[in-house]
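Listing of entry-v2.tsv; format and content: TSV, C-alpha atoms.
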chain	number	residue	atom	x	y	z
A	1344	MET	CA	-19.67	-7.18	-36.79
A	1345	ASN	CA	-21.09	-8.36	-33.49
A	1346	THR	CA	-24.66	-7.15	-33.73
A	1347	SER	CA	-25.60	-7.53	-30.08
A	1348	HIS	CA	-22.91	-5.09	-28.89
A	1349	HIS	CA	-24.59	-2.07	-30.51
A	1350	PHE	CA	-28.18	-3.24	-30.83
A	1351	TRP	CA	-31.03	-2.46	-28.41
A	1352	THR	CA	-28.66	-0.58	-26.12
A	1353	ALA	CA	-31.55	1.18	-24.36
A	1354	CYS	CA	-32.29	-2.02	-22.42
A	1355	GLY	CA	-28.77	-1.99	-20.96
A	1356	HIS	CA	-27.60	-5.46	-22.01
A	1357	GLN	CA	-24.14	-4.05	-22.72
A	1358	HIS	CA	-23.79	-3.31	-19.00
A	1359	LEU	CA	-24.42	-6.89	-17.87
A	1360	THR	CA	-21.89	-9.65	-17.20
A	1361	ARG	CA	-22.35	-13.41	-17.56
A	1362	ASN	CA	-22.07	-15.58	-14.48
A	1363	GLU	CA	-20.91	-19.22	-14.48
A	1364	ARG	CA	-24.37	-20.36	-15.63
A	1365	GLY	CA	-24.39	-17.94	-18.53
A	1366	TRP	CA	-27.02	-15.73	-16.91
A	1367	MET	CA	-26.71	-11.95	-16.84
A	1368	SER	CA	-25.72	-10.06	-13.68
A	1369	PRO	CA	-26.02	-6.27	-13.37
A	1370	THR	CA	-23.05	-3.93	-13.10
A	1371	PRO	CA	-23.13	-0.40	-11.63
A	1372	ASP	CA	-23.42	1.02	-15.16
A	1373	TYR	CA	-26.59	-1.02	-15.68
A	1374	TRP	CA	-28.25	0.80	-12.81
A	1375	ARG	CA	-26.82	4.14	-13.97
A	1376	LEU	CA	-28.66	3.60	-17.26
A	1377	TRP	CA	-31.92	3.11	-15.36
A	1378	LEU	CA	-31.28	6.42	-13.59
A	1379	GLN	CA	-31.16	8.10	-16.99
A	1380	ARG	CA	-34.61	6.85	-17.99
A	1381	PRO	CA	-37.35	9.53	-18.21
A	1382	GLU	CA	-38.98	8.25	-15.02
A	1383	LEU	CA	-35.85	8.98	-12.97
A	1384	ALA	CA	-33.89	11.58	-14.94
A	1385	LEU	CA	-33.68	15.05	-13.43
A	1386	VAL	CA	-35.90	17.80	-14.80
A	1387	PRO	CA	-35.71	21.58	-14.26
A	1388	GLU	CA	-38.33	21.28	-11.53
A	1389	SER	CA	-36.35	18.71	-9.53
A	1390	CYS	CA	-35.81	19.83	-5.95
A	1391	LYS	CA	-32.41	19.99	-4.25
A	1392	ALA	CA	-33.03	16.75	-2.32
A	1393	GLU	CA	-33.83	14.89	-5.53
A	1394	LYS	CA	-30.72	16.27	-7.21
A	1395	ARG	CA	-28.57	15.14	-4.27
A	1396	LEU	CA	-30.15	11.68	-4.29
A	1397	HIS	CA	-29.79	11.29	-8.02
A	1398	GLN	CA	-26.11	12.27	-7.97
A	1399	ALA	CA	-25.40	10.01	-5.02
A	1400	LEU	CA	-26.92	7.04	-6.85
A	1401	LEU	CA	-24.95	7.84	-9.99
A	1402	ASP	CA	-21.78	7.88	-7.92
A	1403	ALA	CA	-22.66	4.65	-6.07
A	1404	PRO	CA	-25.59	2.83	-7.76
A	1405	SER	CA	-25.68	0.08	-5.12
A	1406	MET	CA	-25.83	2.41	-2.13
A	1407	GLN	CA	-28.54	1.97	0.46
A	1408	VAL	CA	-30.76	5.03	0.64
A	1409	ALA	CA	-31.94	6.26	4.02
A	1410	PRO	CA	-35.73	6.70	4.38
A	1411	GLY	CA	-35.19	10.34	5.22
A	1412	ASP	CA	-33.40	10.98	1.93
A	1413	LEU	CA	-36.36	9.59	0.04
A	1414	LYS	CA	-38.88	11.48	2.15
A	1415	ALA	CA	-37.03	14.73	1.40
A	1416	VAL	CA	-37.89	14.46	-2.32
A	1417	LYS	CA	-40.78	16.91	-2.65
A	1418	ASP	CA	-42.48	15.63	-5.81
A	1419	ASP	CA	-44.74	12.67	-4.98
A	1420	ASP	CA	-44.34	10.99	-8.37
A	1421	ALA	CA	-40.57	11.34	-8.35
A	1422	ARG	CA	-40.36	9.94	-4.81
A	1423	GLU	CA	-42.53	6.95	-5.76
A	1424	ASN	CA	-40.39	6.31	-8.85
A	1425	TYR	CA	-37.22	6.23	-6.75
A	1426	GLU	CA	-38.82	3.91	-4.21
A	1427	LEU	CA	-39.91	1.54	-6.97
A	1428	PHE	CA	-36.50	1.63	-8.63
A	1429	LEU	CA	-34.68	0.89	-5.37
A	1430	ARG	CA	-36.96	-2.08	-4.57
A	1431	PHE	CA	-36.44	-3.40	-8.09
A	1432	ARG	CA	-32.65	-2.92	-7.90
A	1433	ASP	CA	-32.44	-4.70	-4.55
A	1434	ASN	CA	-34.62	-7.57	-5.78
A	1435	VAL	CA	-32.47	-8.18	-8.87
A	1436	GLU	CA	-29.24	-7.89	-6.89
A	1437	ALA	CA	-30.51	-10.38	-4.30
A	1438	ALA	CA	-31.43	-12.84	-7.06
A	1439	GLY	CA	-27.96	-12.53	-8.57
A	1440	SER	CA	-29.01	-12.26	-12.22
A	1441	LEU	CA	-31.81	-10.97	-14.42
A	1442	GLU	CA	-32.81	-14.54	-15.30
A	1443	ALA	CA	-33.03	-15.66	-11.67
A	1444	ALA	CA	-35.05	-12.57	-10.78
A	1445	TYR	CA	-37.38	-13.08	-13.75
A	1446	MET	CA	-38.01	-16.73	-12.88
A	1447	GLY	CA	-38.74	-15.75	-9.30
A	1448	TRP	CA	-41.28	-13.16	-10.36
A	1449	MET	CA	-43.05	-15.50	-12.77
A	1450	ARG	CA	-43.15	-18.45	-10.39
A	1451	SER	CA	-44.58	-16.27	-7.64
A	1452	GLY	CA	-47.68	-15.56	-9.72
A	1453	ASP	CA	-47.72	-12.06	-8.24
A	1454	VAL	CA	-45.59	-9.79	-10.39
A	1455	GLN	CA	-45.42	-6.39	-8.72
A	1456	TRP	CA	-43.34	-4.55	-11.31
A	1457	PRO	CA	-44.71	-2.38	-14.13
A	1458	PRO	CA	-44.88	-4.15	-17.52
A	1459	LEU	CA	-42.14	-1.82	-18.79
A	1460	PHE	CA	-39.72	-3.22	-16.19
A	1461	ILE	CA	-40.48	-6.80	-17.21
A	1462	ASP	CA	-40.15	-6.00	-20.91
A	1463	LEU	CA	-36.77	-4.32	-20.44
A	1464	VAL	CA	-35.49	-7.32	-18.49
A	1465	VAL	CA	-36.72	-9.76	-21.15
A	1466	GLN	CA	-35.18	-7.64	-23.90
A	1467	ALA	CA	-31.78	-7.71	-22.17
A	1468	ILE	CA	-32.02	-11.48	-21.69
A	1469	VAL	CA	-32.93	-11.92	-25.37
A	1470	CYS	CA	-29.81	-9.97	-26.34
A	1471	ASN	CA	-27.83	-12.53	-24.35
A	1472	LEU	CA	-29.56	-15.37	-26.22
A	1473	LEU	CA	-28.83	-13.85	-29.63
A	1474	GLU	CA	-25.14	-13.18	-29.00
A	1475	GLY	CA	-23.36	-13.73	-32.34
A	1476	VAL	CA	-26.59	-14.08	-34.38
A	1477	GLU	CA	-26.57	-11.89	-37.50
A	1478	ASP	CA	-29.94	-12.86	-39.00
A	1479	ALA	CA	-32.41	-9.95	-39.16
A	1480	TRP	CA	-35.48	-12.22	-39.09
A	1481	THR	CA	-34.32	-13.82	-35.86
A	1482	TRP	CA	-33.86	-10.45	-34.15
A	1483	ARG	CA	-37.18	-9.15	-35.49
A	1484	ALA	CA	-39.00	-12.29	-34.34
A	1485	ALA	CA	-37.39	-11.92	-30.90
A	1486	GLU	CA	-39.16	-8.57	-30.53
A	1487	LEU	CA	-42.36	-10.53	-29.97
A	1488	LEU	CA	-41.07	-11.63	-26.56
A	1489	PHE	CA	-41.18	-8.08	-25.18
A	1490	ARG	CA	-43.11	-5.83	-27.61
A	1491	ARG	CA	-46.86	-5.98	-28.24
A	1492	GLN	CA	-47.70	-6.59	-31.90
A	1493	ARG	CA	-50.61	-5.59	-34.12
A	1494	ILE	CA	-51.52	-8.33	-36.57
A	1495	THR	CA	-52.99	-7.55	-39.98
A	1496	VAL	CA	-53.94	-9.89	-42.80
A	1497	GLU	CA	-53.23	-8.39	-46.19
A	1498	ALA	CA	-53.72	-10.27	-49.47
A	1499	GLY	CA	-53.43	-13.55	-47.61
A	1500	ARG	CA	-50.25	-12.53	-45.77
A	1501	VAL	CA	-50.14	-12.40	-41.99
A	1502	LEU	CA	-48.08	-9.35	-41.00
A	1503	SER	CA	-46.90	-8.48	-37.51
A	1504	GLY	CA	-46.11	-4.86	-36.68
A	1505	ASP	CA	-44.96	-3.21	-33.48
A	1506	SER	CA	-48.11	-1.77	-31.91
A	1507	ASP	CA	-46.61	1.32	-30.26
A	1508	THR	CA	-44.56	2.18	-33.33
A	1509	LEU	CA	-47.52	1.87	-35.69
A	1510	ASP	CA	-49.63	4.07	-33.39
A	1511	SER	CA	-46.90	6.74	-33.27
A	1512	LEU	CA	-46.39	6.69	-37.03
A	1513	GLN	CA	-50.10	7.03	-37.62
A	1514	ALA	CA	-50.35	9.94	-35.17
A	1515	THR	CA	-47.32	11.83	-36.51
A	1516	GLY	CA	-46.90	10.73	-40.11
A	1517	GLY	CA	-43.38	9.71	-39.14
A	1518	LEU	CA	-42.44	13.37	-38.48
A	1519	GLY	CA	-42.46	13.30	-34.69
A	1520	GLU	CA	-44.08	16.14	-32.74
A	1521	MET	CA	-44.09	18.38	-35.81
A	1522	GLY	CA	-46.11	15.79	-37.69
A	1523	ARG	CA	-48.54	15.50	-34.80
A	1524	LEU	CA	-49.11	19.27	-34.83
A	1525	LEU	CA	-49.61	19.27	-38.61
A	1526	ILE	CA	-52.16	16.48	-38.40
A	1527	GLU	CA	-54.01	18.20	-35.56
A	1528	GLY	CA	-54.05	21.33	-37.74
A	1529	GLY	CA	-55.68	19.40	-40.57
A	1530	ALA	CA	-52.65	19.29	-42.86
A	1531	PRO	CA	-52.68	16.20	-45.11
A	1532	LEU	CA	-49.57	14.07	-44.69
A	1533	LYS	CA	-48.37	11.30	-46.93
A	1534	ALA	CA	-49.01	7.86	-45.44
A	1535	VAL	CA	-45.92	6.33	-43.85
A	1536	ASP	CA	-44.64	3.37	-45.82
A	1537	VAL	CA	-43.80	0.68	-43.26
A	1538	LYS	CA	-41.68	-2.01	-44.87
A	1539	VAL	CA	-42.03	-5.76	-44.52
A	1540	LEU	CA	-38.67	-7.24	-43.55
A	1541	HIS	CA	-37.23	-8.65	-46.79
A	1542	GLN	CA	-33.92	-9.72	-48.23
A	1543	ASP	CA	-33.63	-6.35	-49.94
A	1544	ASN	CA	-33.91	-4.33	-46.71
A	1545	ALA	CA	-32.58	-6.73	-44.05
A	1546	ALA	CA	-29.34	-4.78	-43.74
A	1547	ARG	CA	-31.35	-1.62	-42.95
A	1548	TYR	CA	-32.92	-3.38	-39.98
A	1549	PHE	CA	-29.54	-3.47	-38.25
A	1550	VAL	CA	-28.70	0.12	-39.23
A	1551	GLN	CA	-31.70	1.49	-37.35
A	1552	ARG	CA	-30.87	2.53	-33.79
A	1553	GLU	CA	-33.22	3.84	-31.11
A	1554	GLY	CA	-36.45	5.74	-31.67
A	1555	LEU	CA	-39.27	4.85	-34.03
A	1556	GLY	CA	-36.94	3.38	-36.61
A	1557	ARG	CA	-35.93	0.65	-34.23
A	1558	TYR	CA	-39.23	-1.25	-34.43
A	1559	ALA	CA	-40.55	-0.04	-37.77
A	1560	PHE	CA	-40.29	-3.29	-39.76
A	1561	LEU	CA	-43.20	-5.65	-40.31
A	1562	LEU	CA	-42.60	-9.37	-39.88
A	1563	ASP	CA	-44.22	-11.74	-42.36
A	1564	MET	CA	-45.74	-14.56	-40.32
A	1565	THR	CA	-47.53	-16.25	-43.18
A	1566	HIS	CA	-47.57	-19.98	-42.66
A	1567	GLU	CA	-46.83	-20.95	-46.23
A	1568	ILE	CA	-46.75	-19.51	-49.73
A	1569	GLN	CA	-48.62	-20.96	-52.68
A	1570	ASN	CA	-47.42	-20.99	-56.27
A	1571	GLU	CA	-49.88	-21.62	-59.07
A	1572	LEU	CA	-48.53	-24.05	-61.64
A	1573	PRO	CA	-49.77	-24.90	-65.15
A	1574	HIS	CA	-52.84	-27.11	-65.50
A	1575	GLY	CA	-54.50	-25.54	-62.46
A	1576	LEU	CA	-52.14	-27.09	-59.91
A	1577	ILE	CA	-51.19	-25.24	-56.74
A	1578	LEU	CA	-47.90	-26.01	-55.01
A	1579	SER	CA	-47.72	-25.13	-51.33
A	1580	MET	CA	-44.25	-24.47	-49.95
A	1581	VAL	CA	-43.01	-23.47	-46.54
A	1582	ASN	CA	-42.07	-19.80	-46.55
A	1583	ALA	CA	-38.32	-19.98	-45.93
A	1584	ARG	CA	-38.30	-16.41	-44.62
A	1585	SER	CA	-41.38	-16.76	-42.47
A	1586	GLY	CA	-41.18	-15.09	-39.10
A	1587	LEU	CA	-42.69	-18.27	-37.66
A	1588	LYS	CA	-39.50	-20.20	-38.40
A	1589	ALA	CA	-37.35	-17.51	-36.78
A	1590	LEU	CA	-39.70	-17.30	-33.79
A	1591	SER	CA	-39.54	-21.08	-33.35
A	1592	TRP	CA	-35.75	-20.89	-33.12
A	1593	VAL	CA	-35.84	-18.04	-30.59
A	1594	LEU	CA	-38.36	-19.83	-28.37
A	1595	ALA	CA	-36.32	-23.05	-28.43
A	1596	ARG	CA	-33.22	-21.15	-27.34
A	1597	TRP	CA	-35.26	-19.36	-24.66
A	1598	VAL	CA	-36.29	-22.72	-23.18
A	1599	GLN	CA	-32.76	-24.12	-23.22
A	1600	HIS	CA	-31.29	-20.97	-21.68
A	1601	PHE	CA	-33.63	-21.02	-18.69
A	1602	LEU	CA	-34.48	-24.69	-18.20
A	1603	GLY	CA	-31.31	-26.34	-19.47
A	1604	VAL	CA	-33.19	-28.75	-21.75
A	1605	ALA	CA	-32.79	-28.91	-25.53
A	1606	VAL	CA	-35.99	-28.74	-27.58
A	1607	GLN	CA	-36.92	-28.38	-31.23
A	1608	ILE	CA	-39.91	-26.23	-32.24
A	1609	GLU	CA	-41.55	-26.11	-35.68
A	1610	ALA	CA	-44.67	-24.40	-36.97
A	1611	VAL	CA	-47.47	-26.76	-38.05
A	1612	GLN	CA	-50.77	-26.08	-39.77
A	1613	LYS	CA	-52.93	-28.37	-37.66
A	1614	VAL	CA	-52.88	-30.83	-34.81
A	1615	ASP	CA	-53.96	-34.22	-36.10
A	1616	ASP	CA	-52.80	-36.32	-33.19
A	1617	PRO	CA	-55.11	-38.80	-31.42
A	1618	SER	CA	-52.58	-39.04	-28.58
A	1619	TRP	CA	-52.43	-35.28	-27.96
A	1620	ARG	CA	-51.42	-35.03	-24.31
A	1621	TRP	CA	-49.98	-31.59	-23.59
A	1622	HIS	CA	-50.27	-28.04	-24.90
A	1623	VAL	CA	-49.11	-24.56	-23.97
A	1624	GLY	CA	-50.60	-21.29	-25.18
A	1625	LEU	CA	-48.03	-18.62	-25.95
A	1626	ASP	CA	-50.56	-15.90	-25.11
A	1627	ALA	CA	-53.89	-15.63	-23.33
A	1628	THR	CA	-56.02	-16.02	-26.47
A	1629	ALA	CA	-54.08	-19.05	-27.71
A	1630	THR	CA	-54.41	-20.73	-24.32
A	1631	ALA	CA	-58.20	-20.50	-24.52
A	1632	LEU	CA	-58.25	-21.70	-28.15
A	1633	LEU	CA	-56.02	-24.69	-27.43
A	1634	ASN	CA	-58.14	-25.64	-24.45
A	1635	ASP	CA	-61.19	-25.66	-26.74
A	1636	LEU	CA	-59.42	-27.77	-29.35
A	1637	TYR	CA	-58.15	-30.20	-26.73
A	1638	THR	CA	-61.62	-30.78	-25.31
A	1639	GLY	CA	-63.06	-31.34	-28.77
A	1640	ASN	CA	-64.85	-28.03	-29.19
A	1641	GLU	CA	-64.74	-26.74	-32.75
A	1642	LEU	CA	-63.49	-23.20	-33.27
A	1643	ASP	CA	-65.92	-20.81	-34.88
A	1644	ALA	CA	-64.91	-18.71	-37.89
A	1645	LYS	CA	-63.85	-15.75	-35.73
A	1646	GLN	CA	-61.65	-17.92	-33.51
A	1647	GLN	CA	-60.02	-19.55	-36.52
A	1648	GLN	CA	-59.12	-16.11	-37.88
A	1649	GLN	CA	-57.49	-15.22	-34.56
A	1650	LEU	CA	-55.21	-18.25	-34.60
A	1651	ILE	CA	-51.87	-17.26	-36.15
A	1652	SER	CA	-50.08	-20.58	-35.93
A	1653	LEU	CA	-49.69	-23.87	-34.12
A	1654	PHE	CA	-46.30	-25.31	-33.22
A	1655	LYS	CA	-44.94	-28.70	-32.29
A	1656	LEU	CA	-42.28	-28.83	-29.56
A	1657	ARG	CA	-40.18	-31.96	-29.06
A	1658	PHE	CA	-37.59	-32.61	-26.38
A	1659	ASP	CA	-34.24	-33.80	-27.73
A	1660	ASN	CA	-34.01	-36.11	-24.72
A	1661	PRO	CA	-37.37	-37.67	-23.76
A	1662	GLN	CA	-35.91	-38.36	-20.30
A	1663	ASP	CA	-36.24	-34.63	-19.63
A	1664	MET	CA	-40.04	-35.05	-19.74
A	1665	ARG	CA	-42.51	-36.32	-17.17
A	1666	ALA	CA	-42.85	-40.08	-17.37
A	1667	ASP	CA	-46.55	-40.04	-18.31
A	1668	VAL	CA	-45.92	-37.93	-21.45
A	1669	GLN	CA	-42.40	-39.06	-22.34
A	1670	GLY	CA	-41.73	-38.90	-26.08
A	1671	LYS	CA	-45.00	-37.10	-26.82
A	1672	PRO	CA	-44.95	-33.74	-28.59
A	1673	VAL	CA	-46.04	-30.57	-26.84
A	1674	TYR	CA	-48.29	-28.39	-28.97
A	1675	LEU	CA	-48.05	-24.62	-28.79
A	1676	GLY	CA	-50.42	-21.95	-30.06
A	1677	LEU	CA	-50.03	-18.31	-31.05
A	1678	ALA	CA	-53.07	-16.08	-31.54
A	1679	MET	CA	-54.19	-12.47	-31.66
A	1680	ASN	CA	-57.03	-11.19	-29.52
A	1681	ALA	CA	-60.33	-9.89	-30.85
A	1682	GLN	CA	-58.80	-6.44	-31.39
A	1683	GLY	CA	-55.93	-7.82	-33.50
A	1684	PHE	CA	-53.20	-7.51	-30.84
A	1685	LEU	CA	-50.67	-10.15	-29.87
A	1686	LYS	CA	-48.81	-10.03	-26.54
A	1687	LEU	CA	-46.67	-13.11	-26.34
A	1688	LYS	CA	-46.02	-14.48	-22.83
A	1689	PRO	CA	-42.60	-16.16	-22.96
A	1690	GLN	CA	-42.94	-17.16	-19.31
A	1691	ASN	CA	-45.61	-19.69	-20.30
A	1692	LEU	CA	-42.92	-21.87	-21.85
A	1693	LEU	CA	-40.91	-21.77	-18.64
A	1694	LEU	CA	-43.78	-22.55	-16.27
A	1695	ASN	CA	-45.95	-24.99	-18.18
A	1696	LEU	CA	-43.74	-27.57	-19.93
A	1697	PRO	CA	-43.98	-31.18	-18.65
A	1698	LEU	CA	-40.50	-31.40	-17.14
A	1699	ALA	CA	-39.24	-34.51	-15.39
A	1700	GLY	CA	-38.10	-32.54	-12.35
A	1701	PRO	CA	-37.71	-29.06	-10.92
A	1702	VAL	CA	-35.27	-26.67	-12.50

Please express what this file holds, its structure, as structure tokens.
Amino acid sequence: MNTSHHFWTACGHQHLTRNERGWMSPTPDYWRLWLQRPELALVPESCKAEKRLHQALLDAPSMQVAPGDLKAVKDDDARENYELFLRFRDNVEAAGSLEAAYMGWMRSGDVQWPPLFIDLVVQAIVCNLLEGVEDAWTWRAAELLFRRQRITVEAGRVLSGDSDTLDSLQATGGLGEMGRLLIEGGAPLKAVDVKVLHQDNAARYFVQREGLGRYAFLLDMTHEIQNELPHGLILSMVNARSGLKALSWVLARWVQHFLGVAVQIEAVQKVDDPSWRWHVGLDATATALLNDLYTGNELDAKQQQQLISLFKLRFDNPQDMRADVQGKPVYLGLAMNAQGFLKLKPQNLLLNLPLAGPV
């Protein structure tokens, strides 16, 4: 099977076409899918002007809408949603691809789109990156690029769960609106058993479609596993199915796709490098922690618990790096905030690597 053709279809990747650079350009059906989202879909209360506008855009998604047609939409929220959608559509079309639009937004430093818009764009781009990949851990790790995670430490294991999904399951017992009503009425519900992605259930990950089931698997991001041997010895081994290994692969492909440079990324337990020259935080918390480490400040116990992993990034071709750091590794950090949430910022890898020249 080709997983990417039927996976994550809500982001619309199946309605994109590759240009000569391998970047994804929108088709009319891509914009039609946006028009079906809850923010733009018609409701019984929609006025006649909104219905006319909606149908006209479905018929010709790239049409230019006259200001008067927008003004005629009576509901303020609906009108604002259409205005936002049309600005977004025109911006992406002018850029020529989702990747070019995304890079433009991130480089500007002034992203004016709702986080949902950015996440849907990143998700579609990730689908492009994972074309032909059939490994469940890789797809699950890729979720970190566009879905906020809640990190828990259980019996020494670091587990990453989709924040919104876990909240919904807790509020409904996995029974949707009926479960929510039962809980509000005081009815005891059996705790939802959220599974850690494992060899035994990996096939089920791909069977899940949209809805809560889509993001209901936990990812084990434990750095290593320890086996106790006779005579009191402990053997530490890299966890072959660690989400950190899968995430490293996804991030390396992300860099190559956008910047055109080949890199290798691996998780490391510590940075013991007297010639440490460059680092990039993969989220806001990690950036602050790495800055402290770089300047020689020791992390307190709470900060150490927040740090999920360090990574070492190496360029395949040192000539792709700035001359003053050529051949040196770039250290990356991944951390949860004080509330246990992780929101990875994949744009940090695109904006902050020591490249030899502009891309």

Near Leu1540 of chain A, within 8 Å and counting all atoms listed in the file, which residues show up once chain neighbours fewer than 5 positions away are dropped, as number ranges by chain?
-> A: 1480, 1545, 1548, 1560-1563

Spatial neighbours of Asn1691 of chain A, max dist 10 Å, only C-alpha atoms, sep filter under 6 positions, as a ChimeraX atom specification = /A:1449,1623-1627,1630

Using atom CA of Gln1513 of chain A and atom CA of Lys1538 of chain A as the two end points, give the distance in Å to one decimal.
-> 14.3 Å

Among A:Val1702, A:Tyr1373, A:Lys1417, A:Arg1490, Arg1450 of chain A is approached most closely, using only C-alpha atoms, by A:Val1702

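Each of A:Phe1549, A:Trp1377, A:Trp1448, A:Phe1658 was checked against Val1598 of chain A using only C-alpha atoms; the smallest atom-to-atom distance is that of A:Phe1658.
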
With 4 Å on each side, where is the centre of the axis-aligned box around all listed atoms of segment 1639-1652 of chain A, and how long are its edges in Å to one decimal, as lines of an AutoDock Vina configuration file?
center_x = -58.0
center_y = -23.3
center_z = -33.3
size_x = 23.8
size_y = 24.1
size_z = 17.1

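For the residues A:Leu1473, A:Leu1590, A:Leu1459, A:Met1664, ranking by smallest atom-to-atom distance to Trp1351 of chain A using all atoms listed in the file places A:Leu1473 first.
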
Mind checking which residues fall within 12 Å of Pro1457 of chain A, counting all atoms listed in the file, ignoring those fewer than 6 positions away in the same chain, and posting them as number ranges by chain?
-> A: 1424, 1427-1428, 1431, 1448, 1463-1464

Give me, please, the distance in Å between atom CA of Ala1444 of chain A and atom CA of Met1406 of chain A, quoted to one decimal.
-> 19.6 Å

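Taking atom CA of Ser1503 of chain A as the reference point, atom CA of Met1564 of chain A is found at 6.8 Å.
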
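Considering the residues A:Leu1509, A:Leu1677, A:Ala1399, A:Ile1608 and counting all atoms listed in the file, Leu1594 of chain A has its shortest atom-to-atom contact with A:Ile1608.
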
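Residues having any atom no farther than 9 Å from (-28.9, -3.0, -21.7) (counting all atoms listed in the file) are Trp1351, Thr1352, Ala1353, Cys1354, Gly1355, His1356, Gln1357, His1358, Leu1359, Tyr1373, Leu1376, Leu1463, Val1464, Gln1466, Ala1467 and Cys1470 of chain A.
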